Amino acid sequence: MSGGGIRSGAVSLGAIQGIFASHALLNYEFISTVSGGGYPVYGLLDRMLRDEIALRTLLRERSKYIRDVDRQAAFLGRALRSLAVVTEPTISVAMSWLSRAYGSAQPIYISNIHLSFTGVARPFFGEQLLQNARDVRRYGFPVPIFGTSASIGPGQPRDDYDYHFEDFFELSPAGSGAPRVGYFQSLGAEITLSQAVAISAAAIDAPPGNSQLPEIFKVLNIGLGGNFNARGKDGNIVRFYLADGGFTENLGLLPLLRRRCTEILAFDNSDEHPHPFQAWIKFSTRLATEEKGWSVRSELRSATGDPVPAQADAGWHLPHHIWDAQLEHESGSRVHVRLVKLGVSPQAFANYPPAVRRFAEKTWAREEKQTCRGAGLSRRCSFPLEATVRQSFRTDEFRAYRLLGSWLATQALQTDPPTFDPR
């Protein structure tokens with residue numbers, strides 16, 4: 001489940017519903033998430049583990065959980081709006097002890113993610129430890145992996161920095177760490193589920209020049225990431241800072257390749273600028289040079305053999321939603337990646353769920369001339385082009401994204417993959 005803020009959170013929740021309804025969720029061993037793609041995974045894990053609720057009860061389309069999440073989607077918007085409050089000097093001083101632990105803005109963010117994606121209001125302290133997520137397999141859920149970006153040393157980096165694949169840090173009950181920093185089996189016992197998803201989605205820790213928020217946030221050490229000390233295999237203490245996983249790899253594919261998964265179903269709900277497949281282009285370009293032994297054997301193509309659109313301005317208007325590629329490791333093992341790309345396909349539009357079609361047509365008519373501001377860019381706001389910087393959806397908006405995600409998952413599971421060259 002890729003990054004993409006609440007847009008990805010909504011689509012990812014729908015995708016999980018669609019996979020579950022197709023009786024396919026048990027086929028997947030891991031669910032790797034980045035940034036907003038982790039919101040619903042956190043919400044489902046929290047409800048399953050804390051309240052011992054079965055997945056079938058949570059994921060039914062008319063369940064109380066789904067109705068509550070649809071209705072409370074607007075709460076997440078309060079997280080970023082509330083960050084302006086903590087910049088007040090008196091409040092910053094009062095919350096400085098939180099800064100030392102994991103950034104004074106993080107508790108606000110955690111609280112809002114919880115309200116939005118668990119369907120219940122509870123304090124954010126004392127939540128279920130990530131270590132206990134080992135039990136998720138008995139609930140029929142894949143082992144979660146929350147992707148983050150690691151930098152050596154305490155505190156947020158002050159200068160521009162470029163994360164590499166070896167900096168992609170996994171937070172998981174199946175083991176946590178990154179090649180550059182090291183791996184720590186015990187770290188999962190020290191980080192709560194809510195911390196894991198908040199750090200993975202810590203866009204406020206963006207490098208200078210890319211952040212949507214004033215530099216004063218960094219000066220005051222107000223962030224959504226976290227400082228950690230962990231004992232390495234050599235016995236020495238390693239100090240590192242974790243931030244948004246999307247800075248390194250916004251699709252969340254790396255942990256699955258490192259675990260030698262052979263079949264990967266990836267939902268790309270990320271930002272489309274400057275190309276609709278920008279996240280994949282960045283990933284595939286860097287894979288061979290930054291991840292030892294890996295190469296792209298076959299670039300993305302549709303089931304009918306079409307290549308990805310070449311136009312940089314194609315935006316979200318796609319000929320197909322379902323794309324396939326093949327990766328290869330120097331050991332000879334091959335990986336089939338099915339990439340489900342969020343967007344609008346005119347060819348498939350008539351088959352979308354009726355509620356999705358109605359919402360799309362309504363927003364296109366109302367917002368045709370409006371623009372959104374995201375990452376310093378002007379763009380149309382029409383569904384599903386919403387800029388990632390917007391973190392608050394109306395109920396009907398959230399539901400439209402969610403239903404589209406469920407439909408996309410169903411289509412991905414029903415479409416046969418293309419035949420790859422065996423040579």
# chains A, B, ... in the order shown; residues from 1 in each chain; ligands from 1
call {"tool": "residues_around", "arguments": {"residues": "Ile113 (chain A)", "least_positions_apart": "6", "cutoff": "9 Å", "atoms": "only C-alpha atoms", "output": "number ranges by chain"}}
result
A: 39, 42-43, 75-76, 79, 194, 197-198
call {"tool": "write_last_selection", "arguments": {"atoms": "C-alpha atoms", "output": "compact mmCIF listing (two decimals), in the first residue's frame"}}
result
# COMPACT_ATOMS: atom_id res chain seq x y z
CA TYR A 39 -3.53 4.22 8.10
CA TYR A 42 -3.10 0.42 11.81
CA GLY A 43 -6.84 0.87 12.32
CA PHE A 75 -10.85 14.14 11.70
CA LEU A 76 -7.45 13.50 10.19
CA ALA A 79 -3.80 16.82 12.73
CA SER A 194 0.47 4.13 16.42
CA VAL A 197 2.26 4.41 11.34
CA ALA A 198 2.86 8.02 12.39
call {"tool": "residues_around", "arguments": {"residues": "Arg239 (chain A)", "least_positions_apart": "2", "cutoff": "8 Å", "atoms": "only C-alpha atoms", "output": "number ranges by chain"}}
result
A: 152-154, 227-230, 237, 241
call {"tool": "write_last_selection", "arguments": {"atoms": "C-alpha atoms", "output": "PDB file, in the first residue's frame"}}
result
ATOM      1  CA  ILE A 152      22.216   8.145  11.448  1.00  0.00           C
ATOM      2  CA  GLY A 153      22.379  10.331  14.548  1.00  0.00           C
ATOM      3  CA  PRO A 154      19.812  12.004  16.800  1.00  0.00           C
ATOM      4  CA  ASN A 227      14.717   9.316  17.666  1.00  0.00           C
ATOM      5  CA  PHE A 228      15.770   5.825  18.700  1.00  0.00           C
ATOM      6  CA  ASN A 229      18.693   4.087  20.362  1.00  0.00           C
ATOM      7  CA  ALA A 230      19.112   0.390  19.681  1.00  0.00           C
ATOM      8  CA  ILE A 237      24.336   1.474  20.722  1.00  0.00           C
ATOM      9  CA  TYR A 241      16.191   9.139  13.395  1.00  0.00           C
TER      10      TYR A 241
END
call {"tool": "select_by_dssp", "arguments": {"residues": "region 250-402 of chain A", "states": "alpha helix (DSSP H)", "output": "JSON, numbers by chain"}}
result
{"A": [254, 255, 256, 257, 258, 278, 279, 280, 281, 282, 283, 284, 285, 286, 287, 288, 289, 290, 354, 355, 356, 357, 358, 359, 360, 361, 362, 363, 364, 365, 366, 367, 395, 396, 397, 398, 399, 400, 401, 402]}
call {"tool": "write_last_selection", "arguments": {"atoms": "N, CA and C atoms", "output": "short mmCIF file (atom, residue, chain, number, x, y, z; two decimals), in the first residue's frame"}}
result
data_model
loop_
_atom_site.label_atom_id
_atom_site.label_comp_id
_atom_site.auth_asym_id
_atom_site.auth_seq_id
_atom_site.Cartn_x
_atom_site.Cartn_y
_atom_site.Cartn_z
N LEU A 254 10.37 -2.59 -1.38
CA LEU A 254 11.68 -3.06 -0.93
C LEU A 254 11.61 -4.16 0.14
N PRO A 255 10.80 -4.00 1.19
CA PRO A 255 10.77 -5.07 2.21
C PRO A 255 10.34 -6.42 1.64
N LEU A 256 9.49 -6.40 0.63
CA LEU A 256 9.00 -7.65 0.07
C LEU A 256 10.06 -8.30 -0.82
N LEU A 257 10.83 -7.48 -1.52
CA LEU A 257 11.94 -8.03 -2.31
C LEU A 257 13.00 -8.61 -1.39
N ARG A 258 13.27 -7.94 -0.29
CA ARG A 258 14.28 -8.42 0.64
C ARG A 258 13.86 -9.72 1.31
N GLN A 278 5.22 7.98 -11.72
CA GLN A 278 6.47 8.52 -11.21
C GLN A 278 7.08 7.62 -10.12
N ALA A 279 6.25 7.09 -9.22
CA ALA A 279 6.77 6.26 -8.13
C ALA A 279 7.44 5.01 -8.69
N TRP A 280 6.81 4.38 -9.68
CA TRP A 280 7.40 3.18 -10.28
C TRP A 280 8.67 3.53 -11.06
N ILE A 281 8.64 4.62 -11.80
CA ILE A 281 9.81 5.04 -12.58
C ILE A 281 11.00 5.25 -11.66
N LYS A 282 10.76 5.94 -10.55
CA LYS A 282 11.84 6.19 -9.59
C LYS A 282 12.34 4.88 -8.99
N PHE A 283 11.41 4.01 -8.62
CA PHE A 283 11.79 2.73 -8.02
C PHE A 283 12.60 1.88 -8.99
N SER A 284 12.10 1.68 -10.21
CA SER A 284 12.76 0.79 -11.15
C SER A 284 14.10 1.35 -11.62
N THR A 285 14.20 2.67 -11.71
CA THR A 285 15.46 3.28 -12.13
C THR A 285 16.56 3.07 -11.09
N ARG A 286 16.17 3.14 -9.81
CA ARG A 286 17.17 3.04 -8.73
C ARG A 286 17.43 1.61 -8.30
N LEU A 287 16.54 0.69 -8.65
CA LEU A 287 16.65 -0.67 -8.12
C LEU A 287 17.99 -1.32 -8.46
N ALA A 288 18.37 -1.28 -9.73
CA ALA A 288 19.58 -1.98 -10.16
C ALA A 288 20.85 -1.38 -9.58
N THR A 289 20.85 -0.08 -9.32
CA THR A 289 22.07 0.58 -8.83
C THR A 289 22.14 0.63 -7.31
N GLU A 290 20.99 0.53 -6.62
CA GLU A 290 21.01 0.73 -5.17
C GLU A 290 20.65 -0.52 -4.36
N PRO A 354 -21.55 2.29 -8.84
CA PRO A 354 -22.43 3.44 -9.11
C PRO A 354 -22.14 4.64 -8.23
N ALA A 355 -21.84 4.41 -6.95
CA ALA A 355 -21.56 5.53 -6.04
C ALA A 355 -20.29 6.27 -6.45
N VAL A 356 -19.32 5.54 -7.00
CA VAL A 356 -18.08 6.16 -7.46
C VAL A 356 -18.35 7.01 -8.70
N ARG A 357 -19.12 6.48 -9.64
CA ARG A 357 -19.45 7.25 -10.85
C ARG A 357 -20.21 8.53 -10.50
N ARG A 358 -21.18 8.41 -9.61
CA ARG A 358 -21.97 9.59 -9.24
C ARG A 358 -21.10 10.64 -8.58
N PHE A 359 -20.23 10.22 -7.68
CA PHE A 359 -19.38 11.18 -6.99
C PHE A 359 -18.41 11.85 -7.97
N ALA A 360 -17.82 11.05 -8.87
CA ALA A 360 -16.88 11.60 -9.84
C ALA A 360 -17.55 12.63 -10.73
N GLU A 361 -18.71 12.30 -11.26
CA GLU A 361 -19.40 13.23 -12.16
C GLU A 361 -19.82 14.51 -11.44
N LYS A 362 -20.20 14.36 -10.18
CA LYS A 362 -20.59 15.53 -9.39
C LYS A 362 -19.41 16.46 -9.13
N THR A 363 -18.26 15.88 -8.74
CA THR A 363 -17.11 16.71 -8.44
C THR A 363 -16.50 17.30 -9.70
N TRP A 364 -16.53 16.56 -10.80
CA TRP A 364 -16.00 17.11 -12.04
C TRP A 364 -16.80 18.33 -12.47
N ALA A 365 -18.11 18.27 -12.31
CA ALA A 365 -18.95 19.40 -12.70
C ALA A 365 -18.73 20.59 -11.79
N ARG A 366 -18.54 20.33 -10.50
CA ARG A 366 -18.43 21.42 -9.53
C ARG A 366 -17.04 22.04 -9.49
N GLU A 367 -16.00 21.22 -9.71
CA GLU A 367 -14.64 21.68 -9.45
C GLU A 367 -13.81 21.79 -10.73
N THR A 395 -17.41 12.65 4.11
CA THR A 395 -17.82 11.25 4.17
C THR A 395 -18.04 10.67 2.77
N ASP A 396 -18.76 11.40 1.91
CA ASP A 396 -19.03 10.87 0.57
C ASP A 396 -17.76 10.78 -0.25
N GLU A 397 -16.82 11.68 -0.01
CA GLU A 397 -15.55 11.66 -0.72
C GLU A 397 -14.71 10.45 -0.31
N PHE A 398 -14.58 10.25 1.00
CA PHE A 398 -13.81 9.12 1.50
C PHE A 398 -14.41 7.82 0.99
N ARG A 399 -15.73 7.72 1.04
CA ARG A 399 -16.40 6.49 0.62
C ARG A 399 -16.16 6.22 -0.87
N ALA A 400 -16.14 7.27 -1.70
CA ALA A 400 -15.90 7.08 -3.12
C ALA A 400 -14.50 6.51 -3.37
N TYR A 401 -13.50 7.05 -2.69
CA TYR A 401 -12.15 6.52 -2.82
C TYR A 401 -12.10 5.07 -2.34
N ARG A 402 -12.74 4.80 -1.21
CA ARG A 402 -12.71 3.46 -0.65
C ARG A 402 -13.38 2.44 -1.58
#
call {"tool": "atom_distance", "arguments": {"atom1": "CA of Ile19 (chain A)", "atom2": "CA of Ala409 (chain A)"}}
result
6.0 Å
call {"tool": "closest_residue", "arguments": {"among": "A:Met1, A:His329, A:Arg231, A:Ser406", "to": "Arg297 (chain A)", "atoms": "only C-alpha atoms"}}
result
A:His329
call {"tool": "residues_around", "arguments": {"residues": "Ala325 (chain A)", "least_positions_apart": "3", "cutoff": "10 Å", "atoms": "only C-alpha atoms", "output": "number ranges by chain"}}
result
A: 296-302, 335-339, 417-418, 420
call {"tool": "residues_around", "arguments": {"residues": "region 145-148 of chain A", "least_positions_apart": "5", "cutoff": "6 Å", "atoms": "only C-alpha atoms", "output": "PDB file with C-alpha atoms, in the first residue's frame"}}
result
ATOM      1  CA  SER A  32       3.963  -3.603   3.375  1.00  0.00           C
ATOM      2  CA  THR A  33       2.815  -0.012   3.794  1.00  0.00           C
ATOM      3  CA  VAL A  34       4.251   3.451   3.333  1.00  0.00           C
ATOM      4  CA  PHE A 168      14.660   2.205   3.936  1.00  0.00           C
ATOM      5  CA  PHE A 169      13.893   1.148   7.508  1.00  0.00           C
ATOM      6  CA  GLU A 170      11.215  -1.435   8.293  1.00  0.00           C
ATOM      7  CA  LEU A 171       9.140  -1.422  11.478  1.00  0.00           C
ATOM      8  CA  SER A 172       7.615  -4.873  11.829  1.00  0.00           C
ATOM      9  CA  SER A 200       5.996   6.014   8.384  1.00  0.00           C
ATOM     10  CA  ALA A 243      11.049   9.777   9.110  1.00  0.00           C
ATOM     11  CA  ASP A 244       8.534   9.293   6.290  1.00  0.00           C
ATOM     12  CA  GLY A 245       9.191   6.114   4.297  1.00  0.00           C
TER      13      GLY A 245
END
call {"tool": "closest_residue", "arguments": {"among": "A:Thr118, A:Ser2, A:Ser22, A:Thr248", "to": "Arg47 (chain A)", "atoms": "only C-alpha atoms"}}
result
A:Thr118
call {"tool": "closest_residue", "arguments": {"among": "A:Arg50, A:Asp324, A:Ile66, A:Arg180", "to": "Leu13 (chain A)", "atoms": "only C-alpha atoms"}}
result
A:Ile66
call {"tool": "closest_residue", "arguments": {"among": "A:Gly18, A:Gly155, A:Gly332, A:Pro142", "to": "Leu44 (chain A)", "atoms": "only C-alpha atoms"}}
result
A:Pro142
call {"tool": "residues_around", "arguments": {"residues": "Gly232 (chain A)", "least_positions_apart": "3", "cutoff": "8 Å", "atoms": "only C-alpha atoms", "output": "PDB file with C-alpha atoms, in the first residue's frame"}}
result
ATOM      1  CA  GLY A 182      21.353  -2.455  11.007  1.00  0.00           C
ATOM      2  CA  TYR A 183      18.548  -4.788  12.095  1.00  0.00           C
ATOM      3  CA  PHE A 184      17.098  -5.017  15.598  1.00  0.00           C
ATOM      4  CA  GLY A 235      26.848  -4.673  21.187  1.00  0.00           C
ATOM      5  CA  ASN A 236      27.229  -0.976  20.439  1.00  0.00           C
ATOM      6  CA  ILE A 237      24.336   1.474  20.722  1.00  0.00           C
ATOM      7  CA  VAL A 238      23.179   2.890  17.380  1.00  0.00           C
TER       8      VAL A 238
END
call {"tool": "atom_distance", "arguments": {"atom1": "CA of Arg71 (chain A)", "atom2": "CA of Leu115 (chain A)"}}
result
10.5 Å
call {"tool": "closest_residue", "arguments": {"among": "A:Leu45, A:Ser116, A:Leu251, A:Thr304", "to": "Thr192 (chain A)", "atoms": "only C-alpha atoms"}}
result
A:Leu45
call {"tool": "closest_residue", "arguments": {"among": "A:Ala21, A:Leu403, A:Ile108, A:Val340", "to": "His321 (chain A)", "atoms": "only C-alpha atoms"}}
result
A:Val340
call {"tool": "atom_distance", "arguments": {"atom1": "CA of Trp323 (chain A)", "atom2": "CA of Asn269 (chain A)"}}
result
13.6 Å
call {"tool": "residues_around", "arguments": {"residues": "His317 (chain A)", "least_positions_apart": "3", "cutoff": "9 Å", "atoms": "only C-alpha atoms", "output": "short mmCIF file (atom, residue, chain, number, x, y, z; two decimals) with C-alpha atoms, in the first residue's frame"}}
result
data_model
loop_
_atom_site.label_atom_id
_atom_site.label_comp_id
_atom_site.auth_asym_id
_atom_site.auth_seq_id
_atom_site.Cartn_x
_atom_site.Cartn_y
_atom_site.Cartn_z
CA PRO A 276 1.41 9.24 -13.66
CA ALA A 314 -1.30 12.15 -18.74
CA HIS A 320 -5.80 0.66 -17.77
CA GLY A 343 -6.61 7.06 -11.62
CA VAL A 344 -9.52 7.33 -14.03
CA SER A 345 -9.83 4.95 -16.94
CA PRO A 346 -12.42 6.15 -19.47
#
call {"tool": "residues_around", "arguments": {"residues": "Ser12 (chain A)", "least_positions_apart": "2", "cutoff": "8 Å", "atoms": "only C-alpha atoms", "output": "list in words"}}
result
Met1, Ser8, Gly9, Ala10, Gly14, Ala15, Ile16, Gly37, Pro40, Phe267, Arg402 and Gly405 of chain A
call {"tool": "write_last_selection", "arguments": {"atoms": "N, CA and C atoms", "output": "PDB file, in the first residue's frame"}}
result
ATOM      1  N   MET A   1       0.853  -1.177   0.000  1.00  0.00           N
ATOM      2  CA  MET A   1       0.000   0.000   0.000  1.00  0.00           C
ATOM      3  C   MET A   1       0.897   1.237   0.000  1.00  0.00           C
ATOM      4  N   SER A   8      -4.586   7.691  -0.141  1.00  0.00           N
ATOM      5  CA  SER A   8      -4.130   6.306  -0.144  1.00  0.00           C
ATOM      6  C   SER A   8      -4.766   5.525   1.003  1.00  0.00           C
ATOM      7  N   GLY A   9      -4.981   6.194   2.144  1.00  0.00           N
ATOM      8  CA  GLY A   9      -5.629   5.514   3.259  1.00  0.00           C
ATOM      9  C   GLY A   9      -6.995   5.004   2.888  1.00  0.00           C
ATOM     10  N   ALA A  10      -7.766   5.812   2.180  1.00  0.00           N
ATOM     11  CA  ALA A  10      -9.117   5.419   1.775  1.00  0.00           C
ATOM     12  C   ALA A  10      -9.071   4.295   0.747  1.00  0.00           C
ATOM     13  N   GLY A  14     -10.252   0.214   1.106  1.00  0.00           N
ATOM     14  CA  GLY A  14     -11.115  -0.452   0.142  1.00  0.00           C
ATOM     15  C   GLY A  14     -10.437  -1.650  -0.491  1.00  0.00           C
ATOM     16  N   ALA A  15      -9.140  -1.523  -0.784  1.00  0.00           N
ATOM     17  CA  ALA A  15      -8.407  -2.637  -1.393  1.00  0.00           C
ATOM     18  C   ALA A  15      -8.381  -3.842  -0.465  1.00  0.00           C
ATOM     19  N   ILE A  16      -8.163  -3.605   0.824  1.00  0.00           N
ATOM     20  CA  ILE A  16      -8.171  -4.706   1.791  1.00  0.00           C
ATOM     21  C   ILE A  16      -9.550  -5.353   1.832  1.00  0.00           C
ATOM     22  N   GLY A  37      -0.748   4.768   3.240  1.00  0.00           N
ATOM     23  CA  GLY A  37      -1.180   3.403   3.007  1.00  0.00           C
ATOM     24  C   GLY A  37      -1.234   2.579   4.283  1.00  0.00           C
ATOM     25  N   PRO A  40      -5.124   2.489   7.307  1.00  0.00           N
ATOM     26  CA  PRO A  40      -6.128   1.461   7.579  1.00  0.00           C
ATOM     27  C   PRO A  40      -5.535   0.197   8.179  1.00  0.00           C
ATOM     28  N   PHE A 267      -0.489  -1.479  -4.638  1.00  0.00           N
ATOM     29  CA  PHE A 267      -1.467  -0.430  -4.932  1.00  0.00           C
ATOM     30  C   PHE A 267      -0.741   0.911  -4.919  1.00  0.00           C
ATOM     31  N   ARG A 402     -12.741   4.803  -1.214  1.00  0.00           N
ATOM     32  CA  ARG A 402     -12.711   3.461  -0.648  1.00  0.00           C
ATOM     33  C   ARG A 402     -13.375   2.443  -1.577  1.00  0.00           C
ATOM     34  N   GLY A 405     -11.178   1.691  -4.449  1.00  0.00           N
ATOM     35  CA  GLY A 405     -10.110   0.781  -4.052  1.00  0.00           C
ATOM     36  C   GLY A 405     -10.570  -0.660  -4.001  1.00  0.00           C
TER      37      GLY A 405
END
